[in-house]
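Student: Sharing entry.cif below, mmCIF, C-alpha atoms (C1' of nucleotides):
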data_target
#
loop_
_atom_site.label_atom_id
_atom_site.label_comp_id
_atom_site.auth_asym_id
_atom_site.auth_seq_id
_atom_site.Cartn_x
_atom_site.Cartn_y
_atom_site.Cartn_z
CA MET A 1 98.00 125.80 157.64
CA SER A 2 94.93 123.80 158.42
CA LYS A 3 92.07 125.10 160.48
CA SER A 4 93.19 123.34 163.66
CA SER A 5 96.81 124.34 164.05
CA VAL A 6 99.10 122.20 166.19
CA ILE A 7 101.27 123.80 168.84
CA GLU A 8 104.36 121.58 168.85
CA ALA A 9 106.55 120.79 171.83
CA PRO A 10 109.85 122.68 171.51
CA ARG A 11 111.82 119.46 171.03
CA THR A 12 110.85 115.85 170.51
CA ALA A 13 111.84 114.74 173.98
CA ALA A 14 110.59 111.22 173.36
CA GLN A 15 113.29 110.67 170.77
CA ALA A 16 115.95 112.16 172.99
CA VAL A 17 115.00 109.86 175.84
CA GLY A 18 114.31 106.86 173.62
CA CYS A 19 117.92 107.01 172.52
CA CYS A 20 119.15 106.19 176.04
CA PRO A 21 119.99 102.85 177.60
CA PRO A 22 117.93 101.73 180.61
CA LEU A 23 119.02 103.35 183.86
CA SER A 24 120.22 99.98 185.07
CA GLY A 25 122.15 99.32 181.86
CA ALA A 26 124.77 102.07 181.78
CA VAL A 27 125.45 105.41 183.38
CA LEU A 28 123.48 108.18 181.69
CA GLU A 29 125.50 110.79 179.82
CA VAL A 30 125.12 114.32 181.13
CA SER A 31 123.06 115.52 178.15
CA GLN A 32 120.78 112.49 178.35
CA ALA A 33 120.35 113.04 182.08
CA VAL A 34 119.34 116.66 181.49
CA THR A 35 116.60 115.74 179.03
CA ALA A 36 115.28 112.78 180.99
CA ALA A 37 115.39 114.67 184.30
CA ALA A 38 113.31 117.44 182.76
CA MET A 39 110.58 114.92 181.98
CA PHE A 40 110.71 113.32 185.43
CA LYS A 41 110.68 116.77 186.97
CA ALA A 42 107.54 117.66 185.06
CA LEU A 43 105.85 114.57 186.51
CA GLY A 44 107.22 115.40 189.95
CA ASP A 45 104.36 117.59 191.11
CA PRO A 46 101.20 115.90 192.43
CA VAL A 47 98.80 118.26 190.68
CA ARG A 48 100.70 117.99 187.41
CA LEU A 49 100.94 114.19 187.64
CA ARG A 50 97.19 113.99 188.14
CA ILE A 51 96.52 116.28 185.19
CA PHE A 52 98.83 114.12 183.09
CA SER A 53 97.05 111.00 184.32
CA MET A 54 93.66 112.45 183.43
CA ILE A 55 94.79 113.16 179.88
CA ALA A 56 96.62 109.85 179.48
CA SER A 57 93.61 107.86 180.63
CA SER A 58 90.97 109.78 178.71
CA PRO A 59 89.08 107.58 176.22
CA GLY A 60 89.79 109.74 173.16
CA GLY A 61 93.44 110.17 174.09
CA GLU A 62 93.02 113.89 174.41
CA LEU A 63 91.21 116.26 176.73
CA CYS A 64 89.87 119.80 176.55
CA VAL A 65 91.39 122.19 179.09
CA CYS A 66 87.88 122.85 180.33
CA ASP A 67 87.73 119.22 181.48
CA VAL A 68 90.89 119.58 183.58
CA LEU A 69 89.71 122.53 185.66
CA ASP A 70 88.56 120.51 188.69
CA VAL A 71 91.88 119.49 190.19
CA GLY A 72 91.72 121.91 193.09
CA VAL A 73 93.77 124.81 191.78
CA SER A 74 92.81 127.94 189.85
CA GLN A 75 92.49 128.17 186.10
CA PRO A 76 95.76 130.13 185.65
CA THR A 77 97.57 127.46 187.66
CA VAL A 78 96.15 124.68 185.48
CA SER A 79 97.28 126.62 182.43
CA HIS A 80 100.73 126.99 183.98
CA HIS A 81 101.01 123.24 184.63
CA LEU A 82 99.86 122.35 181.11
CA LYS A 83 102.54 124.65 179.74
CA LYS A 84 105.19 122.96 181.86
CA LEU A 85 104.10 119.51 180.68
CA ARG A 86 104.13 120.69 177.06
CA GLU A 87 107.55 122.29 177.41
CA ALA A 88 108.91 119.04 178.85
CA GLY A 89 107.70 117.29 175.70
CA LEU A 90 105.11 115.20 177.52
CA LEU A 91 102.01 116.77 175.98
CA THR A 92 100.97 118.24 172.66
CA SER A 93 98.15 120.75 172.23
CA ARG A 94 95.68 121.37 169.46
CA LYS A 95 93.49 124.44 169.17
CA GLU A 96 89.97 123.98 167.87
CA GLY A 97 87.82 127.07 167.88
CA THR A 98 87.71 128.44 171.40
CA TRP A 99 88.89 125.18 172.95
CA VAL A 100 92.37 123.71 173.34
CA HIS A 101 92.85 119.95 173.50
CA TYR A 102 95.88 118.35 175.11
CA ALA A 103 97.18 114.84 174.37
CA VAL A 104 100.13 112.73 175.49
CA SER A 105 103.06 113.12 173.11
CA PRO A 106 103.42 109.98 171.00
CA GLY A 107 106.14 107.64 172.20
CA VAL A 108 106.77 109.44 175.43
CA LEU A 109 105.27 106.86 177.79
CA GLY A 110 107.14 104.01 176.13
CA ALA A 111 110.41 105.92 176.14
CA LEU A 112 110.21 106.68 179.85
CA ALA A 113 109.12 103.13 180.68
CA SER A 114 112.04 101.62 178.78
CA LEU A 115 114.38 103.99 180.58
CA LEU A 116 113.20 102.39 183.82
CA GLN A 117 113.53 98.83 182.50
CA LEU A 118 114.74 96.20 184.91
CA PRO A 119 118.18 94.69 184.40
CA ALA A 120 118.08 91.64 182.12
CA MET B 1 121.65 94.57 215.69
CA SER B 2 124.16 93.08 213.31
CA LYS B 3 127.46 94.66 212.56
CA SER B 4 126.27 96.19 209.28
CA SER B 5 123.09 97.98 210.21
CA VAL B 6 120.59 98.87 207.51
CA ILE B 7 119.23 102.39 207.29
CA GLU B 8 115.71 101.88 205.96
CA ALA B 9 113.76 104.21 203.72
CA PRO B 10 111.01 105.88 205.76
CA ARG B 11 108.25 104.15 203.80
CA THR B 12 108.23 101.39 201.24
CA ALA B 13 107.40 103.63 198.33
CA ALA B 14 107.61 100.77 195.87
CA GLN B 15 104.56 99.15 197.43
CA ALA B 16 102.66 102.42 197.49
CA VAL B 17 103.32 103.02 193.81
CA GLY B 18 102.94 99.39 192.81
CA CYS B 19 99.39 99.56 194.07
CA CYS B 20 98.42 102.09 191.37
CA PRO B 21 96.99 101.55 187.93
CA PRO B 22 99.07 102.68 184.93
CA LEU B 23 98.84 106.41 184.27
CA SER B 24 96.97 105.67 181.07
CA GLY B 25 94.56 103.30 182.82
CA ALA B 26 92.72 105.51 185.29
CA VAL B 27 93.08 108.90 186.94
CA LEU B 28 95.47 108.72 189.90
CA GLU B 29 93.98 109.33 193.32
CA VAL B 30 95.40 112.32 195.16
CA SER B 31 97.31 110.20 197.70
CA GLN B 32 98.73 107.99 194.96
CA ALA B 33 99.76 111.06 193.00
CA VAL B 34 101.56 112.49 196.01
CA THR B 35 103.66 109.34 196.53
CA ALA B 36 104.41 108.77 192.85
CA ALA B 37 105.19 112.44 192.25
CA ALA B 38 107.72 112.36 195.09
CA MET B 39 109.59 109.58 193.31
CA PHE B 40 109.50 111.32 189.93
CA LYS B 41 110.59 114.53 191.61
CA ALA B 42 113.60 112.79 193.11
CA LEU B 43 114.61 111.67 189.60
CA GLY B 44 113.92 115.16 188.27
CA ASP B 45 117.37 116.59 188.84
CA PRO B 46 120.13 115.79 186.30
CA VAL B 47 122.82 115.22 188.93
CA ARG B 48 120.53 113.04 191.01
CA LEU B 49 119.36 111.05 187.99
CA ARG B 50 122.96 110.36 187.06
CA ILE B 51 123.83 109.28 190.59
CA PHE B 52 120.80 106.96 190.55
CA SER B 53 121.86 105.62 187.15
CA MET B 54 125.38 104.94 188.42
CA ILE B 55 124.04 102.92 191.32
CA ALA B 56 121.39 101.13 189.26
CA SER B 57 123.91 100.08 186.64
CA SER B 58 126.70 99.07 188.99
CA PRO B 59 127.64 95.37 188.65
CA GLY B 60 127.15 94.49 192.30
CA GLY B 61 123.86 96.37 192.50
CA GLU B 62 125.26 98.71 195.10
CA LEU B 63 127.87 101.43 195.23
CA CYS B 64 130.04 103.03 197.88
CA VAL B 65 129.52 106.75 198.31
CA CYS B 66 133.20 107.21 197.58
CA ASP B 67 132.55 105.93 194.04
CA VAL B 68 129.88 108.56 193.41
CA LEU B 69 132.01 111.58 194.22
CA ASP B 70 132.98 112.42 190.63
CA VAL B 71 129.71 113.81 189.31
CA GLY B 72 130.83 117.43 189.29
CA VAL B 73 129.43 118.63 192.61
CA SER B 74 130.93 118.78 196.10
CA GLN B 75 130.83 115.94 198.62
CA PRO B 76 128.16 117.59 200.80
CA THR B 77 125.98 118.01 197.72
CA VAL B 78 126.36 114.34 196.79
CA SER B 79 125.40 113.43 200.34
CA HIS B 80 122.37 115.71 200.09
CA HIS B 81 121.23 114.08 196.83
CA LEU B 82 121.67 110.57 198.22
CA LYS B 83 119.52 111.55 201.17
CA LYS B 84 116.80 112.85 198.86
CA LEU B 85 116.82 109.64 196.84
CA ARG B 86 116.65 107.57 200.02
CA GLU B 87 113.81 109.67 201.46
CA ALA B 88 111.87 109.19 198.23
CA GLY B 89 112.20 105.43 198.72
CA LEU B 90 114.37 104.95 195.64
CA LEU B 91 117.55 103.90 197.44
CA THR B 92 118.52 101.94 200.53
CA SER B 93 121.81 102.38 202.37
CA ARG B 94 124.01 99.99 204.28
CA LYS B 95 126.86 101.01 206.54
CA GLU B 96 129.96 98.87 206.57
CA GLY B 97 132.82 100.16 208.66
CA THR B 98 133.68 103.63 207.48
CA TRP B 99 131.91 103.18 204.16
CA VAL B 100 128.24 103.49 203.22
CA HIS B 101 126.84 101.53 200.30
CA TYR B 102 123.72 102.59 198.44
CA ALA B 103 121.49 100.29 196.38
CA VAL B 104 118.26 100.66 194.41
CA SER B 105 115.27 99.80 196.58
CA PRO B 106 113.87 96.43 195.55
CA GLY B 107 110.81 96.67 193.31
CA VAL B 108 111.06 100.37 192.73
CA LEU B 109 112.15 100.27 189.10
CA GLY B 110 109.42 97.81 188.18
CA ALA B 111 106.77 99.78 190.03
CA LEU B 112 107.63 103.01 188.26
CA ALA B 113 107.87 101.28 184.88
CA SER B 114 104.45 99.70 185.27
CA LEU B 115 103.04 103.06 186.24
CA LEU B 116 104.19 104.31 182.84
CA GLN B 117 102.81 101.30 180.97
CA LEU B 118 101.27 101.91 177.59
CA PRO B 119 97.49 101.51 177.19
CA ALA B 120 96.53 97.93 176.28
"C1'" DT C 1 79.58 145.97 166.95
"C1'" DC C 2 79.28 144.40 171.58
"C1'" DC C 3 79.14 140.68 174.80
"C1'" DT C 4 80.32 136.12 176.50
"C1'" DT C 5 83.34 132.42 177.17
"C1'" DG C 6 87.74 129.57 177.07
"C1'" DA C 7 92.48 129.97 177.74
"C1'" DA C 8 96.91 132.31 178.31
"C1'" DT C 9 99.80 135.86 180.31
"C1'" DC C 10 101.30 139.19 183.92
"C1'" DG C 11 102.99 140.56 188.42
"C1'" DA C 12 103.52 139.40 193.07
"C1'" DT C 13 104.68 136.44 196.87
"C1'" DA C 14 105.79 132.72 199.96
"C1'" DA C 15 107.98 128.42 199.94
"C1'" DC C 16 111.29 125.32 198.33
"C1'" DT C 17 115.79 123.69 196.16
"C1'" DG C 18 120.65 123.05 194.71
"C1'" DT C 19 124.88 124.43 195.89
"C1'" DC C 20 128.80 125.60 198.68
"C1'" DG C 21 132.39 125.99 202.65
"C1'" DA C 22 132.85 124.94 207.33
"C1'" DT C 23 132.14 121.80 210.77
"C1'" DA C 24 130.79 117.56 213.14
"C1'" DT C 25 130.64 112.59 213.58
"C1'" DA C 26 132.42 108.06 213.33
"C1'" DA C 27 135.45 104.40 212.35
"C1'" DG C 28 140.00 102.64 211.90
"C1'" DG C 29 145.15 102.80 212.03
"C1'" DA C 30 149.69 104.26 213.93
"C1'" DT D 1 145.79 108.76 222.28
"C1'" DC D 2 146.18 111.26 218.10
"C1'" DC D 3 145.66 111.40 213.23
"C1'" DT D 4 143.45 110.26 208.89
"C1'" DT D 5 139.68 109.14 206.11
"C1'" DA D 6 134.65 108.62 204.88
"C1'" DT D 7 130.02 110.68 205.45
"C1'" DA D 8 126.75 113.56 207.28
"C1'" DT D 9 125.00 117.90 209.04
"C1'" DC D 10 124.82 123.02 209.47
"C1'" DG D 11 124.09 127.71 207.88
"C1'" DA D 12 123.83 130.66 204.13
"C1'" DC D 13 122.54 132.25 199.67
"C1'" DA D 14 120.95 132.65 194.93
"C1'" DG D 15 117.73 130.78 191.94
"C1'" DT D 16 113.45 128.40 191.00
"C1'" DT D 17 108.57 127.14 191.63
"C1'" DA D 18 103.56 126.80 192.79
"C1'" DT D 19 100.05 129.60 193.54
"C1'" DC D 20 96.85 133.42 193.22
"C1'" DG D 21 93.97 137.57 191.45
"C1'" DA D 22 93.80 140.67 187.71
"C1'" DT D 23 94.17 141.26 183.06
"C1'" DT D 24 94.53 140.19 178.19
"C1'" DC D 25 93.70 137.70 174.05
"C1'" DA D 26 90.93 135.06 170.75
"C1'" DA D 27 86.89 133.10 168.90
"C1'" DG D 28 82.01 132.91 168.38
"C1'" DG D 29 77.27 134.44 168.87
"C1'" DA D 30 73.57 137.95 169.31
#
Give the structure from this file in structure tokens form.
Tutor:
Amino acid sequence: MSKSSVIEAPRTAAQAVGCCPPLSGAVLEVSQAVTAAAMFKALGDPVRLRIFSMIASSPGGELCVCDVLDVGVSQPTVSHHLKKLREAGLLTSRKEGTWVHYAVSPGVLGALASLLQLPA
Amino acid sequence: MSKSSVIEAPRTAAQAVGCCPPLSGAVLEVSQAVTAAAMFKALGDPVRLRIFSMIASSPGGELCVCDVLDVGVSQPTVSHHLKKLREAGLLTSRKEGTWVHYAVSPGVLGALASLLQLPA
DNA sequence: TCCTTGAATCGATAACTGTCGATATAAGGA
DNA sequence: TCCTTATATCGACAGTTATCGATTCAAGGA
């Protein structure tokens, strides 16, 4: 193990969602709907969506937790939301010394966007 | 009022979301996050996501409620989910005689997809 | 070794959500 | 007018969630 260990998301949700046809292409299978809904649900809280937006739009592509602490809720609540986003497969985390950096899971934005594609 | 009256969504959520930069472009304002999160939240339930998918992928672009009743939950629950999707601005409904037809709100898919756009 | 700091976990609580059966409403047909 | 059919609403209930303060854990630094 290297010095900065990576805490993986439980499953690669991006792959699971990337597999699916666009919503307007065919009816989602139940298992696909469960995975995709979990990701939408994670983005379905205003505080969490803003945290995700902060990380997604950060110049380096990742953000220290300490830079996410000014969203209007307490530190334990921020930690709780980051955990939810990671469990949904939307974020990955990387520990470096005392700090933890979060980044958007690769492929996840594209997978969700293609799920919402317009009909041809 | 014409014979087939249109039940509008409370607000045109597509416009409100379409106004926003991509998530990876800039941090969402609080008010933008509230509106966008409401739409993601509505898609954040597996049953609801499947209902939305059925309507979005239907050939005519709209679907009678009676064609959505086989998703594994009771009729009142389907009605409840359709109401949630309409209140989030994702669906519009049109009454025609005894039947009610639901369709995807115009612009909503594109607005959400552009919100999830990848960084340039 | 002790202290400080960043982050996660714990326990509690109020609010919300998905689901159902029962009922109401509304439109059409006999 | 009465019955049937399509949706919506009501009331209830079990499960989930967002939030907090208090605490714990982990990594450095003095």
Student: Would you kindly return, as a VMD selection string, each protein, DNA or RNA residue with an atom no farther than 10 Å from any atom of Val68 of chain A, considering only C-alpha atoms (C1' of nucleotides) and excluding same-chain residues fewer than 4 positions away?
Tutor: chain A and resid 50 to 52 54 to 55 63 to 64 72 75 78 to 79 82 102
Student: Kindly provide the residues of chain B that approach chain A to within 8 Å, each paired with its closest atom pair and their distance in Å to one decimal, based on only C-alpha atoms, listed by chain and increasing number, as JSON lines.
Tutor:
{"residue": "B:Leu23", "atom": "CA", "partner": "A:Ser53", "partner_atom": "CA", "distance": 4.9}
{"residue": "B:Ser24", "atom": "CA", "partner": "A:Ser57", "partner_atom": "CA", "distance": 4.0}
{"residue": "B:Gly25", "atom": "CA", "partner": "A:Ser57", "partner_atom": "CA", "distance": 5.1}
{"residue": "B:Ala26", "atom": "CA", "partner": "A:Ser57", "partner_atom": "CA", "distance": 5.3}
{"residue": "B:Val27", "atom": "CA", "partner": "A:Met54", "partner_atom": "CA", "distance": 5.0}
{"residue": "B:Leu28", "atom": "CA", "partner": "A:Arg50", "partner_atom": "CA", "distance": 5.8}
{"residue": "B:Glu29", "atom": "CA", "partner": "A:Arg50", "partner_atom": "CA", "distance": 7.7}
{"residue": "B:Val30", "atom": "CA", "partner": "A:Pro46", "partner_atom": "CA", "distance": 7.3}
{"residue": "B:Ala33", "atom": "CA", "partner": "A:Pro46", "partner_atom": "CA", "distance": 5.1}
{"residue": "B:Val34", "atom": "CA", "partner": "A:Pro46", "partner_atom": "CA", "distance": 5.0}
{"residue": "B:Ala36", "atom": "CA", "partner": "A:Gly44", "partner_atom": "CA", "distance": 7.8}
{"residue": "B:Ala37", "atom": "CA", "partner": "A:Gly44", "partner_atom": "CA", "distance": 4.3}
{"residue": "B:Ala38", "atom": "CA", "partner": "A:Gly44", "partner_atom": "CA", "distance": 6.0}
{"residue": "B:Met39", "atom": "CA", "partner": "A:Gly44", "partner_atom": "CA", "distance": 7.1}
{"residue": "B:Phe40", "atom": "CA", "partner": "A:Gly44", "partner_atom": "CA", "distance": 4.7}
{"residue": "B:Lys41", "atom": "CA", "partner": "A:Gly44", "partner_atom": "CA", "distance": 3.9}
{"residue": "B:Ala42", "atom": "CA", "partner": "A:Gly44", "partner_atom": "CA", "distance": 7.6}
{"residue": "B:Leu43", "atom": "CA", "partner": "A:Phe40", "partner_atom": "CA", "distance": 5.9}
{"residue": "B:Gly44", "atom": "CA", "partner": "A:Lys41", "partner_atom": "CA", "distance": 3.8}
{"residue": "B:Asp45", "atom": "CA", "partner": "A:Ala37", "partner_atom": "CA", "distance": 5.3}
{"residue": "B:Pro46", "atom": "CA", "partner": "A:Val34", "partner_atom": "CA", "distance": 5.0}
{"residue": "B:Val47", "atom": "CA", "partner": "A:Ala33", "partner_atom": "CA", "distance": 7.6}
{"residue": "B:Leu49", "atom": "CA", "partner": "A:Ala33", "partner_atom": "CA", "distance": 6.3}
{"residue": "B:Arg50", "atom": "CA", "partner": "A:Leu28", "partner_atom": "CA", "distance": 5.8}
{"residue": "B:Phe52", "atom": "CA", "partner": "A:Leu23", "partner_atom": "CA", "distance": 7.8}
{"residue": "B:Ser53", "atom": "CA", "partner": "A:Leu23", "partner_atom": "CA", "distance": 4.9}
{"residue": "B:Met54", "atom": "CA", "partner": "A:Val27", "partner_atom": "CA", "distance": 5.1}
{"residue": "B:Ile55", "atom": "CA", "partner": "A:Ser24", "partner_atom": "CA", "distance": 7.9}
{"residue": "B:Ala56", "atom": "CA", "partner": "A:Ser24", "partner_atom": "CA", "distance": 4.5}
{"residue": "B:Ser57", "atom": "CA", "partner": "A:Ser24", "partner_atom": "CA", "distance": 4.0}
{"residue": "B:Ser58", "atom": "CA", "partner": "A:Ser24", "partner_atom": "CA", "distance": 7.6}
{"residue": "B:Leu109", "atom": "CA", "partner": "A:Leu116", "partner_atom": "CA", "distance": 5.8}
{"residue": "B:Gly110", "atom": "CA", "partner": "A:Leu118", "partner_atom": "CA", "distance": 6.4}
{"residue": "B:Leu112", "atom": "CA", "partner": "A:Leu116", "partner_atom": "CA", "distance": 7.2}
{"residue": "B:Ala113", "atom": "CA", "partner": "A:Ala113", "partner_atom": "CA", "distance": 4.8}
{"residue": "B:Ser114", "atom": "CA", "partner": "A:Ala113", "partner_atom": "CA", "distance": 7.4}
{"residue": "B:Leu116", "atom": "CA", "partner": "A:Ala113", "partner_atom": "CA", "distance": 5.5}
{"residue": "B:Gln117", "atom": "CA", "partner": "A:Ala113", "partner_atom": "CA", "distance": 6.6}
{"residue": "B:Leu118", "atom": "CA", "partner": "A:Leu109", "partner_atom": "CA", "distance": 6.4}
Student: Superimpose chain A on chain B so that the squared distances between all in-order C-alpha pairs are minimised, and send the result as a short mmCIF file (atom, residue, chain, number, x, y, z; two decimals) with C-alpha atoms, keeping the file's coordinate frame.
Tutor:
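Output (part19.cif):
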data_model
loop_
_atom_site.label_atom_id
_atom_site.label_comp_id
_atom_site.auth_asym_id
_atom_site.auth_seq_id
_atom_site.Cartn_x
_atom_site.Cartn_y
_atom_site.Cartn_z
CA MET A 1 121.47 94.19 215.45
CA SER A 2 124.00 92.82 213.05
CA LYS A 3 127.33 94.44 212.39
CA SER A 4 126.19 96.12 209.17
CA SER A 5 123.02 97.93 210.14
CA VAL A 6 120.54 98.89 207.43
CA ILE A 7 119.20 102.41 207.24
CA GLU A 8 115.67 101.90 205.92
CA ALA A 9 113.73 104.27 203.70
CA PRO A 10 111.01 105.98 205.75
CA ARG A 11 108.24 104.22 203.83
CA THR A 12 108.19 101.44 201.28
CA ALA A 13 107.38 103.69 198.36
CA ALA A 14 107.61 100.82 195.90
CA GLN A 15 104.56 99.20 197.45
CA ALA A 16 102.66 102.46 197.51
CA VAL A 17 103.33 103.04 193.84
CA GLY A 18 102.96 99.39 192.86
CA CYS A 19 99.40 99.56 194.11
CA CYS A 20 98.44 102.08 191.41
CA PRO A 21 96.98 101.52 187.97
CA PRO A 22 99.04 102.63 184.96
CA LEU A 23 98.80 106.36 184.28
CA SER A 24 96.94 105.60 181.08
CA GLY A 25 94.53 103.24 182.84
CA ALA A 26 92.71 105.47 185.32
CA VAL A 27 93.10 108.84 186.95
CA LEU A 28 95.49 108.68 189.89
CA GLU A 29 93.99 109.31 193.32
CA VAL A 30 95.41 112.30 195.15
CA SER A 31 97.33 110.20 197.70
CA GLN A 32 98.77 107.99 194.97
CA ALA A 33 99.78 111.06 192.98
CA VAL A 34 101.60 112.49 196.01
CA THR A 35 103.69 109.36 196.52
CA ALA A 36 104.44 108.78 192.85
CA ALA A 37 105.22 112.45 192.22
CA ALA A 38 107.73 112.38 195.06
CA MET A 39 109.62 109.60 193.29
CA PHE A 40 109.51 111.33 189.90
CA LYS A 41 110.60 114.54 191.57
CA ALA A 42 113.61 112.80 193.07
CA LEU A 43 114.62 111.66 189.58
CA GLY A 44 113.94 115.13 188.21
CA ASP A 45 117.38 116.58 188.81
CA PRO A 46 120.14 115.79 186.29
CA VAL A 47 122.83 115.23 188.91
CA ARG A 48 120.54 113.05 191.00
CA LEU A 49 119.37 111.05 187.97
CA ARG A 50 122.98 110.35 187.05
CA ILE A 51 123.84 109.28 190.58
CA PHE A 52 120.82 106.98 190.54
CA SER A 53 121.88 105.63 187.15
CA MET A 54 125.39 104.94 188.41
CA ILE A 55 124.05 102.93 191.33
CA ALA A 56 121.41 101.13 189.27
CA SER A 57 123.93 100.07 186.66
CA SER A 58 126.71 99.06 189.01
CA PRO A 59 127.66 95.38 188.67
CA GLY A 60 127.15 94.49 192.34
CA GLY A 61 123.88 96.39 192.53
CA GLU A 62 125.27 98.72 195.13
CA LEU A 63 127.89 101.44 195.26
CA CYS A 64 130.06 103.05 197.92
CA VAL A 65 129.52 106.79 198.33
CA CYS A 66 133.21 107.24 197.62
CA ASP A 67 132.57 105.93 194.10
CA VAL A 68 129.89 108.56 193.43
CA LEU A 69 132.02 111.59 194.23
CA ASP A 70 132.98 112.43 190.63
CA VAL A 71 129.72 113.82 189.31
CA GLY A 72 130.85 117.43 189.31
CA VAL A 73 129.46 118.66 192.61
CA SER A 74 130.94 118.79 196.11
CA GLN A 75 130.85 115.97 198.61
CA PRO A 76 128.16 117.62 200.80
CA THR A 77 125.99 118.04 197.71
CA VAL A 78 126.37 114.37 196.78
CA SER A 79 125.41 113.47 200.33
CA HIS A 80 122.38 115.75 200.06
CA HIS A 81 121.24 114.11 196.81
CA LEU A 82 121.68 110.59 198.21
CA LYS A 83 119.53 111.58 201.17
CA LYS A 84 116.82 112.88 198.86
CA LEU A 85 116.84 109.67 196.83
CA ARG A 86 116.67 107.60 200.02
CA GLU A 87 113.84 109.68 201.45
CA ALA A 88 111.88 109.21 198.22
CA GLY A 89 112.21 105.46 198.72
CA LEU A 90 114.39 104.96 195.65
CA LEU A 91 117.57 103.92 197.44
CA THR A 92 118.54 101.98 200.54
CA SER A 93 121.83 102.41 202.39
CA ARG A 94 124.01 100.03 204.31
CA LYS A 95 126.86 101.06 206.57
CA GLU A 96 129.96 98.90 206.61
CA GLY A 97 132.81 100.18 208.71
CA THR A 98 133.70 103.66 207.52
CA TRP A 99 131.93 103.22 204.19
CA VAL A 100 128.26 103.54 203.24
CA HIS A 101 126.86 101.56 200.32
CA TYR A 102 123.75 102.62 198.45
CA ALA A 103 121.51 100.31 196.39
CA VAL A 104 118.28 100.68 194.43
CA SER A 105 115.28 99.83 196.59
CA PRO A 106 113.88 96.45 195.56
CA GLY A 107 110.82 96.68 193.35
CA VAL A 108 111.07 100.38 192.76
CA LEU A 109 112.14 100.28 189.11
CA GLY A 110 109.42 97.80 188.21
CA ALA A 111 106.77 99.77 190.07
CA LEU A 112 107.61 103.01 188.28
CA ALA A 113 107.85 101.27 184.90
CA SER A 114 104.43 99.67 185.31
CA LEU A 115 103.01 103.04 186.27
CA LEU A 116 104.14 104.28 182.86
CA GLN A 117 102.75 101.25 181.00
CA LEU A 118 101.21 101.85 177.62
CA PRO A 119 97.47 101.44 177.20
CA ALA A 120 96.51 97.87 176.30
#
Student: Kindly give the distance, in Å, that separates atom CA of His81 of chain B and atom C1' of DA27 of chain C, rounded to a single decimal.
Tutor: 23.2 Å
Student: Suppose a student applies the PyMOL selection byres ((chain C) within 10 of (chain A)) to this structure; what residues should they get, written as an MDAnalysis selection string?
Tutor: chainID C and resid 5:9
Student: Rank D:DT1, D:DA30, D:DA22, D:DG11 by their smallest atom-to-atom distance to chain A, using only C-alpha atoms (C1' of nucleotides), and report the top residue only.
Tutor: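 The answer is D:DA22, which sits nearest to chain A.
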Student: Counting only C-alpha atoms (C1' of nucleotides), which residues come within 7 Å of (109.4, 120.6, 178.1), with the point read in the file's coordinates, and could you list them as a PyMOL selection string?
Tutor: chain A and resi 9-10+38-39+84-90
Student: List every residue of chain D that has an atom at most 8 Å from any atom of chain A, and for each one report the closest atom pair and its distance in Å to one decimal, counting all atoms listed in the file, with rows sorted by chain and then by increasing residue number, as JSON lines.
Tutor:
{"residue": "D:DA18", "atom": "C1'", "partner": "A:Thr77", "partner_atom": "CA", "distance": 7.9}
{"residue": "D:DT19", "atom": "C1'", "partner": "A:Thr77", "partner_atom": "CA", "distance": 6.7}
{"residue": "D:DC20", "atom": "C1'", "partner": "A:Ser74", "partner_atom": "CA", "distance": 7.6}
{"residue": "D:DA26", "atom": "C1'", "partner": "A:Thr98", "partner_atom": "CA", "distance": 7.4}
{"residue": "D:DA27", "atom": "C1'", "partner": "A:Thr98", "partner_atom": "CA", "distance": 5.4}
{"residue": "D:DG28", "atom": "C1'", "partner": "A:Thr98", "partner_atom": "CA", "distance": 7.8}
Student: Mind working out the centre and edge lengths of an axis-aligned box for segment 16-21 of chain D, all listed atoms inside, 3 Å added to each side, rounded to one decimal in Å and written as AutoDock Vina command-line options?
Tutor:
--center_x 103.7 --center_y 132.2 --center_z 192.3 --size_x 25.5 --size_y 16.8 --size_z 8.5
Student: Could you expand the PyMOL selection byres ((chain C and resi 17) around 9) into the explicit residues it covers here, written as a PDB file with C-alpha atoms (C1' of nucleotides), in the coordinates of the input?
Tutor:
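Heads up, here's the output in expr.pdb:
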ATOM      1  C1'  DC C  16     111.290 125.320 198.330  1.00  0.00           C
ATOM      2  C1'  DG C  18     120.650 123.050 194.710  1.00  0.00           C
TER       3       DG C  18
ATOM      4  C1'  DG D  15     117.730 130.780 191.940  1.00  0.00           C
ATOM      5  C1'  DT D  16     113.450 128.400 191.000  1.00  0.00           C
TER       6       DT D  16
END
